[in-house]
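The file entry.txt contains compact mmCIF, C-alpha atoms:
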```
# COMPACT_ATOMS: atom_id res chain seq x y z
CA MET A 1 282.28 138.57 202.91
CA GLU A 2 284.50 136.05 204.58
CA GLU A 3 287.62 134.68 202.98
CA ASN A 4 287.67 130.91 202.70
CA THR A 5 288.60 128.81 199.71
CA ASN A 6 285.91 126.29 200.69
CA ASN A 7 282.93 128.48 201.41
CA ILE A 8 279.69 126.75 200.40
CA VAL A 9 277.85 130.05 199.91
CA GLN A 10 280.58 131.49 197.66
CA ASP A 11 280.69 128.26 195.64
CA ALA A 12 276.88 128.25 195.37
CA TYR A 13 276.98 131.78 194.01
CA TYR A 14 279.38 130.58 191.33
CA LEU A 15 276.98 127.76 190.44
CA ILE A 16 274.05 130.19 190.33
CA SER A 17 276.07 132.46 188.05
CA LEU A 18 276.53 129.55 185.61
CA PHE A 19 272.75 129.19 185.46
CA GLU A 20 272.31 132.94 185.01
CA LYS A 21 274.74 132.99 182.06
CA GLU A 22 272.37 130.62 180.23
CA GLY A 23 269.25 132.57 181.20
CA LYS A 24 268.16 129.96 183.74
CA ASN A 25 266.77 130.81 187.17
CA PRO A 26 267.53 128.16 189.81
CA THR A 27 265.69 128.00 193.11
CA GLN A 28 267.03 127.35 196.58
CA LEU A 29 265.84 123.73 196.36
CA HIS A 30 267.80 123.32 193.13
CA ILE A 31 270.99 124.80 194.54
CA GLN A 32 270.83 122.83 197.81
CA LYS A 33 270.75 119.52 195.91
CA LEU A 34 273.44 120.57 193.45
CA MET A 35 275.83 121.74 196.16
CA TYR A 36 275.34 118.41 197.95
CA LEU A 37 276.14 116.63 194.68
CA PHE A 38 279.09 118.96 194.10
CA GLU A 39 280.63 118.08 197.45
CA ALA A 40 280.12 114.36 196.73
CA TYR A 41 281.73 114.80 193.31
CA TYR A 42 284.60 116.87 194.68
CA MET A 43 285.35 114.40 197.51
CA ASN A 44 285.63 111.58 194.98
CA VAL A 45 287.63 113.42 192.32
CA GLU A 46 290.06 114.91 194.83
CA ASN A 47 289.96 111.89 197.19
CA VAL A 48 289.30 113.98 200.30
CA ASP A 49 286.91 113.34 203.18
CA LYS A 50 285.12 116.69 202.96
CA LEU A 51 285.02 119.95 201.08
CA TYR A 52 282.93 122.12 203.39
CA ASP A 53 283.03 122.42 207.17
CA CYS A 54 279.23 122.38 207.33
CA ASN A 55 277.24 119.17 207.29
CA TYR A 56 274.07 118.23 205.47
CA GLN A 57 270.85 117.35 207.22
CA ALA A 58 268.16 115.04 205.87
CA TRP A 59 265.18 117.34 205.36
CA ASN A 60 261.89 116.42 203.74
CA PHE A 61 262.98 117.47 200.24
CA GLY A 62 266.52 116.15 200.55
CA PRO A 63 269.90 117.19 201.88
CA VAL A 64 270.25 120.72 203.23
CA ALA A 65 273.40 122.61 204.25
CA THR A 66 272.30 124.98 207.02
CA PRO A 67 274.65 127.91 206.12
CA LEU A 68 273.37 127.80 202.56
CA TYR A 69 269.77 127.59 203.73
CA LYS A 70 270.24 130.64 205.98
CA GLU A 71 271.69 132.59 203.07
CA LEU A 72 269.08 131.62 200.47
CA LYS A 73 265.87 131.18 202.48
CA VAL A 74 264.81 134.75 201.67
CA TYR A 75 264.05 133.53 198.14
CA GLY A 76 261.62 130.84 199.31
CA LYS A 77 260.43 129.02 196.16
CA ASN A 78 261.35 131.95 193.92
CA PRO A 79 264.36 132.06 191.60
CA ILE A 80 267.61 133.31 193.12
CA ALA A 81 268.92 136.63 191.82
CA LEU A 82 272.53 137.46 192.57
CA THR A 83 273.82 140.95 193.18
CA GLU A 84 276.84 142.18 191.25
CA GLU A 85 278.89 141.93 194.46
CA GLU A 86 277.85 138.26 194.91
CA ARG A 87 278.79 137.49 191.28
CA GLU A 88 282.22 139.12 191.73
CA TRP A 89 282.83 137.20 194.96
CA ALA A 90 281.84 133.96 193.21
CA GLU A 91 284.45 134.57 190.51
CA GLU A 92 287.19 134.52 193.17
CA ILE A 93 286.97 130.75 193.71
CA PRO A 94 289.99 128.75 192.47
CA ASP A 95 290.07 127.79 188.78
CA LYS A 96 290.32 124.09 189.63
CA LYS A 97 287.06 124.31 191.56
CA LYS A 98 285.43 126.33 188.76
CA LYS A 99 286.30 123.55 186.31
CA LEU A 100 284.75 120.87 188.54
CA MET A 101 281.68 123.05 189.13
CA LYS A 102 281.26 123.52 185.36
CA ASN A 103 281.49 119.73 184.90
CA LEU A 104 278.72 119.21 187.46
CA TYR A 105 276.66 122.00 185.94
CA GLU A 106 276.88 120.47 182.45
CA VAL A 107 275.59 117.13 183.77
CA PHE A 108 272.73 118.51 185.87
CA LYS A 109 271.77 121.87 184.29
CA ASN A 110 268.59 120.52 182.71
CA PHE A 111 267.38 118.57 185.75
CA THR A 112 264.38 120.02 187.56
CA ALA A 113 264.57 120.53 191.30
CA MET A 114 262.19 117.59 191.79
CA GLN A 115 264.32 115.30 189.59
CA LEU A 116 267.28 116.18 191.84
CA VAL A 117 265.16 115.50 194.93
CA ASN A 118 264.22 112.09 193.54
CA PHE A 119 267.88 111.31 192.78
CA THR A 120 269.03 112.25 196.28
CA HIS A 121 266.13 110.25 197.79
CA ALA A 122 267.07 107.00 196.00
CA GLU A 123 266.79 103.77 197.99
CA GLY A 124 270.04 103.21 199.89
CA SER A 125 271.26 106.79 199.35
CA PRO A 126 272.90 108.70 202.23
CA TRP A 127 269.77 110.88 202.54
CA ASN A 128 267.55 107.79 202.58
CA ASN A 129 269.68 106.18 205.28
CA ALA A 130 269.65 109.32 207.45
CA TRP A 131 266.00 110.31 206.90
CA ASN A 132 263.83 110.50 209.99
CA GLU A 133 260.57 112.39 209.63
CA LYS A 134 260.66 113.50 213.28
CA THR A 135 264.09 115.17 213.22
CA TYR A 136 266.67 116.55 210.81
CA SER A 137 269.34 113.87 211.00
CA GLU A 138 272.90 114.55 209.89
CA ILE A 139 274.05 112.83 206.71
CA SER A 140 277.49 111.23 207.04
CA LYS A 141 280.09 112.66 204.65
CA LYS A 142 281.72 109.23 204.56
CA ASP A 143 278.42 107.78 203.32
CA ILE A 144 278.05 110.61 200.79
CA LYS A 145 281.50 109.99 199.35
CA GLN A 146 281.03 106.23 199.25
CA TRP A 147 277.54 106.31 197.71
CA PHE A 148 278.48 108.75 194.95
CA SER A 149 281.80 107.04 194.11
CA LYS A 150 279.88 104.79 191.70
CA TYR A 151 278.79 107.84 189.70
CA VAL A 152 282.21 109.48 189.45
CA LYS A 153 284.58 108.46 186.70
CA LYS A 154 288.14 108.51 188.02
CA SER A 155 290.72 109.87 185.59
```

For the structure just supplied, provide its representation as C-alpha cells.
Amino acid sequence: MEENTNNIVQDAYYLISLFEKEGKNPTQLHIQKLMYLFEAYYMNVENVDKLYDCNYQAWNFGPVATPLYKELKVYGKNPIALTEEEREWAEEIPDKKKKLMKNLYEVFKNFTAMQLVNFTHAEGSPWNNAWNEKTYSEISKKDIKQWFSKYVKKS
C-alpha cells in the first residue's frame, strides 16, 4: 500500500473502521459522500485549498472520487468489509486527521446514504452547479470549500 499522508482510500478505511466499531455497515455510496464532506470540512478547518490530489465528479447520486470508486466498486450496494491489513493501514493516518474524521463521523453517523445524497444535491451546492446528466463534470474544490464554509464552525 502506498505511503501518502493524504491518501483518500486510507482515510476512507479509517472512516469505515469507525462505523465498524459501532456495528454499522456503510456502503460505497455512504463513504463517497462522507469523504467528499470530510475534504470540505478539512479544507475549511485547516484553511487549505485541497486535501486530496484526486478530484470529485458530479455523478447521478452525488460526488464521486474516482480512486475511491475504483477501490470500493467491488462491493456494489453491499456493505464494505475491511480486511485486518486495511484496518491496520487506516490506523496509520495522523492523529490530527483522526480527530477531524471522528468529528465528522459523530455528526453524520446516523445519516442514511440517501440523506447524504440529498444534502450534497442541495440547490446551489457544488454538485448541483457541476451536474450535467450527459457527462461526469468535475466539481471545483474552490466551490466545495466555499459552499461548506457556512457549515463549519471556526475555532

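The nearest approach to A:Leu37 among the residues A:Asp143, A:Asn6, A:Pro63, A:Asn78, with all atoms listed in the file taken into account, belongs to A:Pro63.
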
Quote the spacing between atom CA of A:Lys73 and atom CA of A:Lys97 in Å to one decimal place.
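Taking atom CA of A:Lys73 as the start and atom CA of A:Lys97 as the end point, the length is 24.8 Å.
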
Between A:Leu51, A:Ala40, A:Leu100, A:Ala113, smallest distance to A:Thr27 by only C-alpha atoms belongs to A:Ala113

Closest of A:Trp147, A:Phe108, A:Tyr75, A:Tyr36 to A:Asn55 - atom-to-atom distances counting only C-alpha atoms:
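Distance minimum relative to A:Asn55 lands on A:Tyr36.
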
The residue from A:Gln146, A:Gln57, A:Asn25, A:Gln115 with the smallest atom-to-atom distance to A:Ala130, counting only C-alpha atoms, is A:Gln57

What separation in Å, quoted to one decimal, exists between atom CA of A:Lys98 and atom CA of A:Leu18?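 Separation of atom CA of A:Lys98 and atom CA of A:Leu18: 10.0 Å.
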
Problem - Contacts of stretch 89-94 of chain A at 7 Å (only C-alpha atoms; same-chain gap of 3+ positions) as a PyMOL selection string - result: chain A and resi 5+10-11+13-14+85-86+97-98

Practice problem: Determine, counting only C-alpha atoms, which protein, DNA and RNA residues have an atom within 12 Å of an atom of A:Lys96; residues of the same chain fewer than 6 positions away are not included. Present the result as a PyMOL selection string. | Solution: chain A and resi 5+42+45-46+102-103

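What separates atom CA of A:Asp49 from atom CA of A:Glu133 is a distance of 27.1 Å.
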
Shortest interatomic distance to A:Pro67 - which of A:Val107, A:Ile16, A:Val9, A:Tyr52, counting only C-alpha atoms: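 Result for the nearest residue to A:Pro67: A:Val9.
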
Distance query A:Gln28 at most 12 Å, all atoms listed in the file, self and fewer than 6 positions along chain excluded, as a PyMOL selection string
chain A and resi 9+12-13+15-16+34-35+61-66+68-81+112-114

Find, counting all atoms listed in the file, the residue in A:Asn110, A:Thr120, A:Asn60, A:Thr83 that gets nearest to A:Tyr136.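 Residue with the minimum atom-to-atom distance to A:Tyr136: A:Asn60.
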
Axis-aligned box for all listed atoms of stretch 127-135 of chain A, 6 Å per side, centre and edges in Å to one decimal, as JSON:
```
{"center_x": 265.2, "center_y": 110.7, "center_z": 207.9, "size_x": 21.2, "size_y": 21.0, "size_z": 22.7}
```

Rebuild stretch 26-46 of chain A so that it carries N, CA and C atoms, then output the result as a CSV table (one decimal), in the coordinates of the input.
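Listing of selection-v2.csv after writing:
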```csv
chain,number,residue,atom,x,y,z
A,26,PRO,N,267.7,129.2,188.8
A,26,PRO,CA,267.5,128.2,189.8
A,26,PRO,C,266.9,128.6,191.1
A,27,THR,N,266.3,127.7,191.8
A,27,THR,CA,265.7,128.0,193.1
A,27,THR,C,266.6,127.5,194.2
A,28,GLN,N,266.3,127.8,195.4
A,28,GLN,CA,267.0,127.4,196.6
A,28,GLN,C,267.1,125.8,196.6
A,29,LEU,N,265.9,125.2,196.3
A,29,LEU,CA,265.8,123.7,196.4
A,29,LEU,C,266.8,123.1,195.4
A,30,HIS,N,266.9,123.7,194.2
A,30,HIS,CA,267.8,123.3,193.1
A,30,HIS,C,269.2,123.4,193.6
A,31,ILE,N,269.6,124.5,194.1
A,31,ILE,CA,271.0,124.8,194.5
A,31,ILE,C,271.4,123.9,195.7
A,32,GLN,N,270.5,123.7,196.7
A,32,GLN,CA,270.8,122.8,197.8
A,32,GLN,C,271.2,121.4,197.3
A,33,LYS,N,270.5,120.9,196.4
A,33,LYS,CA,270.8,119.5,195.9
A,33,LYS,C,272.0,119.5,195.1
A,34,LEU,N,272.2,120.5,194.3
A,34,LEU,CA,273.4,120.6,193.4
A,34,LEU,C,274.7,120.8,194.3
A,35,MET,N,274.6,121.6,195.3
A,35,MET,CA,275.8,121.7,196.2
A,35,MET,C,276.2,120.5,196.9
A,36,TYR,N,275.2,119.7,197.3
A,36,TYR,CA,275.3,118.4,198.0
A,36,TYR,C,276.0,117.5,196.9
A,37,LEU,N,275.5,117.5,195.7
A,37,LEU,CA,276.1,116.6,194.7
A,37,LEU,C,277.6,117.1,194.4
A,38,PHE,N,277.8,118.4,194.4
A,38,PHE,CA,279.1,119.0,194.1
A,38,PHE,C,280.1,118.5,195.2
A,39,GLU,N,279.7,118.5,196.4
A,39,GLU,CA,280.6,118.1,197.4
A,39,GLU,C,280.9,116.6,197.3
A,40,ALA,N,279.9,115.8,197.0
A,40,ALA,CA,280.1,114.4,196.7
A,40,ALA,C,281.1,114.1,195.6
A,41,TYR,N,280.9,114.9,194.5
A,41,TYR,CA,281.7,114.8,193.3
A,41,TYR,C,283.2,115.2,193.6
A,42,TYR,N,283.3,116.3,194.3
A,42,TYR,CA,284.6,116.9,194.7
A,42,TYR,C,285.4,115.9,195.6
A,43,MET,N,284.7,115.3,196.6
A,43,MET,CA,285.4,114.4,197.5
A,43,MET,C,285.9,113.2,196.8
A,44,ASN,N,285.2,112.7,195.8
A,44,ASN,CA,285.6,111.6,195.0
A,44,ASN,C,286.7,111.9,194.0
A,45,VAL,N,286.6,113.0,193.3
A,45,VAL,CA,287.6,113.4,192.3
A,45,VAL,C,289.0,113.8,193.0
A,46,GLU,N,288.9,114.5,194.1
A,46,GLU,CA,290.1,114.9,194.8
A,46,GLU,C,290.5,113.9,195.9
```
